[in-house]
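Listing of structure16.txt; format and content: compact mmCIF, C-alpha atoms.
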# COMPACT_ATOMS: atom_id res chain seq x y z
CA MET A 1 0.54 -35.63 -37.44
CA TYR A 2 1.76 -37.38 -34.37
CA ASN A 3 4.04 -34.46 -33.47
CA SER A 4 1.46 -31.75 -33.90
CA GLU A 5 -1.02 -33.72 -31.80
CA ILE A 6 1.49 -33.85 -29.00
CA SER A 7 2.18 -30.18 -29.19
CA LEU A 8 -1.58 -29.50 -29.13
CA VAL A 9 -1.87 -31.55 -26.00
CA LEU A 10 1.20 -30.04 -24.42
CA ALA A 11 0.51 -26.42 -25.28
CA PRO A 12 -1.93 -25.82 -22.42
CA VAL A 13 0.42 -27.61 -20.06
CA ALA A 14 3.25 -25.35 -21.09
CA PHE A 15 0.95 -22.38 -20.64
CA ILE A 16 0.03 -23.45 -17.13
CA ILE A 17 3.67 -24.07 -16.28
CA SER A 18 4.62 -20.64 -17.53
CA LEU A 19 1.80 -19.07 -15.52
CA ALA A 20 2.92 -20.91 -12.44
CA ALA A 21 6.48 -19.78 -13.01
CA SER A 22 5.52 -16.17 -13.45
CA SER A 23 3.22 -16.06 -10.44
CA ASN A 24 5.96 -17.73 -8.42
CA CYS A 25 8.28 -15.00 -9.53
CA LEU A 26 5.70 -12.34 -8.67
CA GLU A 27 5.42 -13.69 -5.17
CA GLY A 28 9.14 -13.50 -4.49
CA SER A 29 11.18 -15.49 -2.02
CA PRO A 30 10.99 -14.63 1.67
CA GLU A 31 14.47 -16.12 2.23
CA ALA A 32 16.01 -13.84 -0.38
CA GLY A 33 13.91 -10.97 0.98
CA ASN A 34 15.34 -11.51 4.44
CA GLN A 35 18.76 -10.57 3.04
CA ILE A 36 17.36 -7.44 1.44
CA TYR A 37 15.76 -6.48 4.75
CA ALA A 38 19.35 -5.60 5.75
CA SER A 39 18.64 -2.30 3.98
CA CYS A 40 15.83 -1.61 6.42
CA ILE A 41 17.31 -2.62 9.77
CA ALA A 42 18.96 0.72 10.41
CA CYS A 43 15.48 2.02 11.14
CA HIS A 44 13.03 -0.89 11.37
CA SER A 45 12.57 -4.18 13.08
CA PRO A 46 9.58 -6.47 12.77
CA GLU A 47 8.67 -6.38 16.44
CA ARG A 48 9.45 -2.94 17.81
CA ASN A 49 9.12 0.71 16.89
CA ARG A 50 12.52 2.24 16.28
CA THR A 51 13.40 5.17 14.00
CA GLY A 52 10.70 3.67 11.78
CA PRO A 53 7.51 1.84 12.82
CA ARG A 54 7.44 -1.92 13.45
CA HIS A 55 6.55 -4.22 10.56
CA CYS A 56 4.53 -6.81 12.47
CA GLY A 57 0.95 -6.68 11.24
CA LEU A 58 1.92 -4.53 8.26
CA PHE A 59 -0.26 -6.31 5.70
CA GLY A 60 -3.78 -4.92 5.70
CA ARG A 61 -2.81 -2.07 8.00
CA LYS A 62 -3.50 1.55 7.13
CA SER A 63 -0.42 3.71 6.63
CA GLY A 64 0.61 5.73 9.66
CA SER A 65 -1.48 3.76 12.15
CA VAL A 66 0.88 1.98 14.57
CA SER A 67 0.13 3.24 18.05
CA GLY A 68 3.02 4.81 19.91
CA PHE A 69 4.89 5.75 16.74
CA GLU A 70 5.22 9.38 15.74
CA TYR A 71 4.56 9.51 12.01
CA SER A 72 4.83 12.44 9.65
CA THR A 73 1.57 14.15 8.79
CA ALA A 74 2.14 13.02 5.20
CA MET A 75 2.17 9.34 6.19
CA ARG A 76 -0.81 9.67 8.51
CA GLU A 77 -2.83 11.36 5.81
CA ALA A 78 -1.71 9.09 2.97
CA SER A 79 -4.55 6.60 3.66
CA ILE A 80 -2.76 3.72 1.97
CA ILE A 81 -3.68 0.15 2.89
CA TRP A 82 -0.43 -1.84 2.86
CA ASN A 83 -0.53 -4.86 0.58
CA THR A 84 1.69 -6.35 -2.13
CA GLU A 85 0.76 -3.69 -4.70
CA THR A 86 0.96 -0.62 -2.48
CA LEU A 87 4.22 -1.77 -0.90
CA ASP A 88 5.66 -2.42 -4.34
CA ARG A 89 5.00 1.16 -5.35
CA PHE A 90 6.05 2.72 -2.05
CA LEU A 91 9.29 0.77 -1.68
CA GLU A 92 10.38 1.60 -5.21
CA SER A 93 10.41 5.30 -4.36
CA PRO A 94 9.05 6.23 -0.93
CA LEU A 95 9.52 9.99 -1.31
CA THR A 96 7.60 10.06 -4.60
CA ILE A 97 4.67 7.99 -3.35
CA VAL A 98 4.38 9.79 0.00
CA PRO A 99 5.87 13.26 -0.49
CA GLY A 100 6.74 14.68 2.92
CA THR A 101 7.50 11.28 4.48
CA THR A 102 10.34 11.12 6.99
CA MET A 103 11.54 7.84 5.48
CA GLY A 104 14.50 9.45 3.74
CA PHE A 105 15.37 6.48 1.62
CA ALA A 106 15.79 6.29 -2.17
CA GLY A 107 14.01 2.95 -2.51
CA ILE A 108 14.65 -0.51 -3.90
CA LYS A 109 14.74 -0.06 -7.67
CA ASP A 110 15.20 -3.71 -8.68
CA ASP A 111 11.77 -5.34 -9.26
CA LYS A 112 12.89 -8.81 -8.24
CA LYS A 113 14.52 -7.58 -5.03
CA ARG A 114 11.38 -5.66 -4.17
CA GLN A 115 9.22 -8.75 -4.72
CA ASP A 116 11.49 -10.82 -2.50
CA LEU A 117 11.49 -8.11 0.16
CA ILE A 118 7.69 -7.89 0.09
CA ALA A 119 7.44 -11.69 0.37
CA TYR A 120 9.64 -11.46 3.46
CA LEU A 121 7.55 -8.61 4.92
CA LYS A 122 4.44 -10.70 4.33
CA SER A 123 5.99 -13.70 6.05
CA VAL A 124 6.87 -11.68 9.17
CA SER A 125 3.70 -9.59 9.13
CA ASP A 126 1.74 -12.37 10.81
CA SER A 127 4.53 -14.60 12.02
CA PRO A 128 3.42 -16.06 15.36
CA GLY A 129 7.09 -16.52 16.29
CA ILE A 130 8.10 -12.91 15.89
CA CYS A 131 4.90 -10.96 15.98
CA VAL A 132 2.76 -12.34 18.75
CA ASN A 133 1.60 -9.43 20.94
CA ASN A 134 3.27 -6.97 18.62
CA ARG A 135 0.61 -6.16 16.08
CA MET B 1 37.89 15.58 8.26
CA SER B 2 36.64 18.98 9.10
CA ILE B 3 32.97 18.15 8.77
CA LEU B 4 33.31 15.61 11.53
CA LYS B 5 34.72 18.25 13.86
CA PRO B 6 31.63 20.18 14.86
CA GLU B 7 33.59 22.99 16.50
CA GLN B 8 34.79 24.09 13.07
CA PRO B 9 32.32 25.42 10.53
CA GLY B 10 32.31 22.39 8.28
CA LEU B 11 30.98 21.35 4.92
CA LEU B 12 27.62 20.35 6.32
CA GLU B 13 27.11 23.70 7.93
CA GLU B 14 28.35 25.74 4.98
CA THR B 15 26.03 23.78 2.76
CA ALA B 16 23.09 24.25 5.04
CA ILE B 17 23.72 27.99 5.27
CA ASN B 18 23.76 28.22 1.50
CA SER B 19 20.50 26.31 1.26
CA ARG B 20 18.94 28.56 3.85
CA ARG B 21 20.07 31.65 1.96
CA LYS B 22 18.43 30.31 -1.15
CA PHE B 23 15.36 29.39 0.84
CA LEU B 24 15.03 32.85 2.40
CA LEU B 25 15.72 34.50 -0.91
CA GLN B 26 13.01 32.47 -2.52
CA ALA B 27 10.55 33.16 0.26
CA GLY B 28 11.14 36.89 0.06
CA THR B 29 10.84 37.15 -3.69
CA ALA B 30 7.90 34.94 -4.37
CA THR B 31 6.38 37.36 -6.83
CA PHE B 32 9.54 37.72 -8.94
CA SER B 33 10.11 35.66 -12.02
CA ALA B 34 12.44 32.71 -11.80
CA THR B 35 14.97 34.59 -13.92
CA ALA B 36 14.90 37.57 -11.61
CA ILE B 37 15.48 35.30 -8.67
CA ALA B 38 18.37 33.61 -10.46
CA LEU B 39 19.91 37.02 -11.09
CA LEU B 40 19.51 37.94 -7.45
CA GLY B 41 21.30 34.75 -6.64
CA GLY B 42 24.40 36.26 -8.25
CA CYS B 43 26.98 33.61 -8.97
CA ASN B 44 24.41 30.84 -8.78
CA SER B 45 23.64 30.01 -12.39
CA LYS B 46 20.71 27.74 -11.61
CA ALA B 47 17.35 29.42 -11.38
CA ILE B 48 15.99 28.95 -7.91
CA SER B 49 12.89 26.90 -8.40
CA ALA B 50 9.69 27.01 -6.45
CA GLU B 51 10.76 23.65 -5.09
CA THR B 52 13.65 25.07 -3.08
CA ASN B 53 11.51 25.36 -0.01
CA ASP B 54 10.30 21.79 -0.41
CA ALA B 55 13.78 20.53 -1.13
CA ALA B 56 15.20 22.20 1.97
CA SER B 57 12.48 20.83 4.22
CA GLN B 58 12.88 17.39 2.68
CA ASP B 59 16.60 17.59 3.43
CA VAL B 60 15.75 18.46 7.04
CA ARG B 61 13.48 15.41 7.27
CA ILE B 62 16.17 13.13 5.85
CA LEU B 63 18.80 14.58 8.18
CA ASN B 64 16.52 14.19 11.19
CA THR B 65 15.76 10.56 10.42
CA ALA B 66 19.52 9.96 10.20
CA ILE B 67 19.97 11.75 13.55
CA SER B 68 17.33 9.49 15.14
CA ALA B 69 19.15 6.38 13.93
CA GLU B 70 22.47 7.79 15.19
CA HIS B 71 20.92 8.45 18.62
CA GLU B 72 19.85 4.82 18.74
CA ALA B 73 23.41 3.73 17.93
CA VAL B 74 24.81 5.90 20.74
CA ALA B 75 22.31 4.36 23.16
CA ALA B 76 23.15 0.85 21.93
CA TYR B 77 26.89 1.36 22.50
CA GLN B 78 26.05 2.77 25.94
CA LEU B 79 24.12 -0.39 26.72
CA GLY B 80 27.04 -2.48 25.47
CA ALA B 81 29.58 -0.47 27.45
CA GLU B 82 27.56 -0.82 30.64
CA SER B 83 26.76 -4.49 30.12
CA GLY B 84 29.97 -5.68 31.78
CA LEU B 85 30.27 -8.20 28.93
CA LEU B 86 33.05 -6.46 26.99
CA GLN B 87 36.76 -7.07 27.56
CA ALA B 88 38.81 -3.95 28.30
CA GLY B 89 40.36 -3.68 24.80
CA ILE B 90 37.03 -4.16 23.07
CA LEU B 91 35.31 -1.74 25.42
CA LYS B 92 37.79 0.94 24.40
CA VAL B 93 36.95 0.45 20.73
CA ALA B 94 33.22 0.45 21.45
CA VAL B 95 33.50 3.74 23.31
CA GLN B 96 35.52 5.20 20.44
CA PHE B 97 32.83 4.14 17.93
CA GLN B 98 30.15 5.61 20.17
CA GLY B 99 32.13 8.88 20.08
CA HIS B 100 32.01 8.85 16.28
CA HIS B 101 28.24 8.47 16.34
CA LYS B 102 28.01 11.40 18.73
CA GLU B 103 30.09 13.46 16.31
CA HIS B 104 27.80 12.47 13.46
CA ILE B 105 24.84 13.72 15.49
CA GLU B 106 26.54 17.05 16.21
CA ALA B 107 27.40 17.61 12.57
CA LEU B 108 23.96 16.57 11.30
CA ALA B 109 22.20 18.66 13.96
CA LYS B 110 24.20 21.72 12.97
CA ALA B 111 23.11 21.23 9.37
CA VAL B 112 19.46 20.91 10.44
CA LYS B 113 19.66 24.11 12.49
CA SER B 114 21.30 26.01 9.67
CA LEU B 115 18.39 24.99 7.48
CA GLY B 116 16.00 26.43 10.05
CA GLY B 117 14.88 23.08 11.45
CA ASN B 118 14.94 21.48 14.89
CA PRO B 119 17.27 18.50 15.28
CA ALA B 120 15.61 15.24 16.39
CA GLU B 121 16.14 14.40 20.05
CA ALA B 122 17.13 11.05 21.51
CA LYS B 123 14.30 8.83 22.73
CA LYS B 124 14.01 8.12 26.44
CA ASP B 125 13.76 4.40 25.93
CA TYR B 126 14.84 2.18 23.04
CA SER B 127 13.48 -1.13 24.36
CA PHE B 128 16.57 -2.97 23.10
CA PRO B 129 16.40 -6.77 23.13
CA VAL B 130 18.58 -6.92 26.28
CA GLU B 131 17.42 -10.45 27.08
CA LYS B 132 19.35 -11.62 24.01
CA LEU B 133 22.66 -10.07 25.10
CA LYS B 134 24.41 -12.67 27.22
CA ARG B 135 27.96 -12.74 25.91
CA GLN B 136 30.47 -10.33 24.39
CA SER B 137 29.77 -11.76 20.94
CA ASP B 138 26.03 -11.05 21.34
CA VAL B 139 26.80 -7.39 22.06
CA LEU B 140 29.21 -7.17 19.13
CA GLU B 141 26.75 -8.85 16.75
CA PHE B 142 24.07 -6.44 17.86
CA ALA B 143 26.38 -3.46 17.26
CA ALA B 144 27.53 -4.90 13.91
CA GLY B 145 23.89 -5.19 12.83
CA LEU B 146 23.28 -1.54 13.61
CA GLU B 147 26.41 -0.47 11.72
CA ARG B 148 25.45 -2.63 8.73
CA GLY B 149 22.03 -1.03 8.78
CA ALA B 150 23.54 2.44 8.97
CA VAL B 151 25.58 1.80 5.82
CA SER B 152 22.33 1.01 3.98
CA ALA B 153 20.52 3.95 5.48
CA TYR B 154 23.15 6.41 4.27
CA ALA B 155 23.36 4.64 0.91
CA GLY B 156 19.60 5.17 0.66
CA ALA B 157 19.77 8.81 1.76
CA ILE B 158 22.62 9.93 -0.50
CA PRO B 159 20.56 9.91 -3.74
CA VAL B 160 17.60 11.78 -2.25
CA PHE B 161 19.19 14.85 -0.70
CA GLY B 162 18.17 17.94 -2.63
CA ASN B 163 21.56 19.42 -1.88
CA ARG B 164 24.44 17.39 -3.26
CA ASP B 165 26.88 18.66 -0.65
CA LEU B 166 24.74 16.97 1.97
CA SER B 167 25.05 13.78 -0.09
CA ALA B 168 28.83 14.15 -0.01
CA ALA B 169 28.76 14.65 3.75
CA ALA B 170 26.50 11.60 4.18
CA ALA B 171 28.99 9.58 2.10
CA SER B 172 31.79 10.47 4.49
CA ILE B 173 29.67 9.28 7.42
CA LEU B 174 28.79 6.09 5.50
CA ALA B 175 32.52 5.37 5.13
CA ASP B 176 32.97 5.63 8.90
CA GLU B 177 30.05 3.28 9.62
CA ALA B 178 31.40 0.78 7.08
CA MET B 179 34.75 0.77 8.87
CA HIS B 180 33.02 0.14 12.21
CA TRP B 181 31.13 -2.74 10.65
CA ALA B 182 34.31 -4.30 9.22
CA VAL B 183 36.18 -4.00 12.52
CA LEU B 184 33.29 -5.55 14.47
CA ARG B 185 33.06 -8.42 11.99
CA ASN B 186 36.78 -8.97 12.30
CA VAL B 187 36.58 -9.17 16.10
CA LEU B 188 33.70 -11.63 15.70
CA GLY B 189 35.94 -13.84 13.55
CA LEU B 190 33.91 -13.16 10.41
CA ASP B 191 35.22 -12.06 7.04
CA PRO B 192 35.52 -8.31 7.68
CA VAL B 193 34.66 -7.33 4.12
CA PRO B 194 32.24 -9.96 2.83
CA GLY B 195 31.65 -8.49 -0.61
CA ALA B 196 32.37 -5.85 -3.20
CA PHE B 197 29.07 -3.95 -3.11
CA PHE B 198 26.69 -2.98 -0.34
CA SER B 199 23.43 -1.16 -0.48
Since I need it in another form, could you write the structure as structure tokens?
Amino acid sequence: MYNSEISLVLAPVAFIISLAASSNCLEGSPEAGNQIYASCIACHSPERNRTGPRHCGLFGRKSGSVSGFEYSTAMREASIIWNTETLDRFLESPLTIVPGTTMGFAGIKDDKKRQDLIAYLKSVSDSPGICVNNR
Amino acid sequence: MSILKPEQPGLLEETAINSRRKFLLQAGTATFSATAIALLGGCNSKAISAETNDAASQDVRILNTAISAEHEAVAAYQLGAESGLLQAGILKVAVQFQGHHKEHIEALAKAVKSLGGNPAEAKKDYSFPVEKLKRQSDVLEFAAGLERGAVSAYAGAIPVFGNRDLSAAAASILADEAMHWAVLRNVLGLDPVPGAFFS
């Protein structure tokens, strides 16, 4: 009796812990994502337009909308709002999600790596240190 | 390797010419069945799909994005070379690496033209973070970062070329960029080859 009472009491706790763990995992780690951003720095930097557009202010921005960057028609017309979900799909396979994009990159296939990368992108998107005046 | 010598018709160009032939063939025979087109293709056993056009123009887009990144690398080495921060021996190596990037551009541009596209031009201004370049090691770290990035960019491009010969050519460029990266790391006193896999 004693044992089953305990497990009844603990069950919801365990449930909450497991929820917390999974949502933690969903959010990814910006520090780990910073390492994965090495795959992007040939073309991107947070604060300036290079071969690809800058990533400052990315979250909540419409695809193809950074001024002074020459996008493909495909990206301009894609009408995607960048957030965790849309980035997750795009970064897994950019050429499938936006056919005709000039981002000639296979994508990050590993779910965990993508989550970490997106957490990093989110952390720089509004970082006052890096992104002030660069939105 | 011959593909890195733009004066010789290299792998990239041959490949691009073949793609263009297929592309033109497909464009001119749009009303034929796929089988008929495959027969017209002669020794090519694969039926030429309606996607050939798309695949060729996608290859042009991928090549042009690579050219843009290569132009940036050339400009970055130029900045480094003119900075006055590099010792004579290091400067020589930097200029040599810059030469490789120029050769990559020539080879990639030839492939783009053979596919009927226009090669991407260099930008007028790259707004490099010059304020951060105060010592030789800053310049070398900056260059190493670009080379590291280039390895990833080619690793990401190789699987998405429609034409596998372009993937092979991109792999040979990737190898060159990886060597640059290792040499720069070595000069910086870092482990030149810090792992077994890079993507």
Which chain B residues have any atom within 9 Å of an atom of chain A, and for each, what is the nearest pair of atoms with distance in Å to one decimal, counting only C-alpha atoms, rows sorted by chain and number, as a Markdown table?
| residue | atom | partner | partner_atom | distance |
| --- | --- | --- | --- | --- |
| B:Asp54 | CA | A:Gly100 | CA | 8.6 |
| B:Ser57 | CA | A:Gly100 | CA | 8.5 |
| B:Gln58 | CA | A:Gly100 | CA | 6.7 |
| B:Asp59 | CA | A:Gly104 | CA | 8.4 |
| B:Arg61 | CA | A:Thr102 | CA | 5.3 |
| B:Ile62 | CA | A:Gly104 | CA | 4.6 |
| B:Leu63 | CA | A:Gly104 | CA | 8.0 |
| B:Asn64 | CA | A:Thr102 | CA | 8.1 |
| B:Thr65 | CA | A:Thr102 | CA | 6.4 |
| B:Ala66 | CA | A:Gly104 | CA | 8.2 |
| B:Ser68 | CA | A:Thr51 | CA | 6.0 |
| B:Ala69 | CA | A:Thr51 | CA | 5.9 |
| B:Glu72 | CA | A:Thr51 | CA | 8.0 |
| B:Tyr126 | CA | A:Arg50 | CA | 7.1 |
| B:Ser127 | CA | A:Arg48 | CA | 7.9 |
| B:Phe128 | CA | A:Arg48 | CA | 8.9 |
| B:Gly145 | CA | A:Ile41 | CA | 7.7 |
| B:Leu146 | CA | A:Ala42 | CA | 5.8 |
| B:Glu147 | CA | A:Ala42 | CA | 7.7 |
| B:Arg148 | CA | A:Ala38 | CA | 7.4 |
| B:Gly149 | CA | A:Ala42 | CA | 3.9 |
| B:Ala150 | CA | A:Ala42 | CA | 5.1 |
| B:Val151 | CA | A:Ala42 | CA | 8.1 |
| B:Ser152 | CA | A:Ser39 | CA | 5.0 |
| B:Ala153 | CA | A:Ala42 | CA | 6.1 |
| B:Tyr154 | CA | A:Phe105 | CA | 8.2 |
| B:Ala155 | CA | A:Phe105 | CA | 8.2 |
| B:Gly156 | CA | A:Phe105 | CA | 4.5 |
| B:Ala157 | CA | A:Phe105 | CA | 5.0 |
| B:Ile158 | CA | A:Ala106 | CA | 7.9 |
| B:Pro159 | CA | A:Ala106 | CA | 6.2 |
| B:Val160 | CA | A:Ala106 | CA | 5.8 |
| B:Phe161 | CA | A:Gly104 | CA | 8.4 |
| B:Ser199 | CA | A:Ser39 | CA | 6.6 |
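Nearest to Glu70 (chain A) of all the residues B:Met179, B:Val74, B:Lys123, B:Asp138 is B:Lys123, counting only C-alpha atoms.
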Item to check | CA of Glu103 (chain B) to CA of Val183 (chain B), straight-line distance in Å | outcome: 18.9 Å
Item to check | Radius query 12 Å about (32.8, 8.4, 7.0), atoms used: all atoms listed in the file, as number ranges by chain | outcome: B: 1-4, 97, 100-101, 103-104, 147, 150-151, 154-155, 167-181
Next on the checklist: Counting all atoms listed in the file, find residues at most 8 Å from (12.7, -11.2, -8.4) (file frame) and give them as JSON, numbers by chain.
Outcome noted: {"A": [25, 26, 28, 29, 110, 111, 112, 113, 114, 115, 116]}
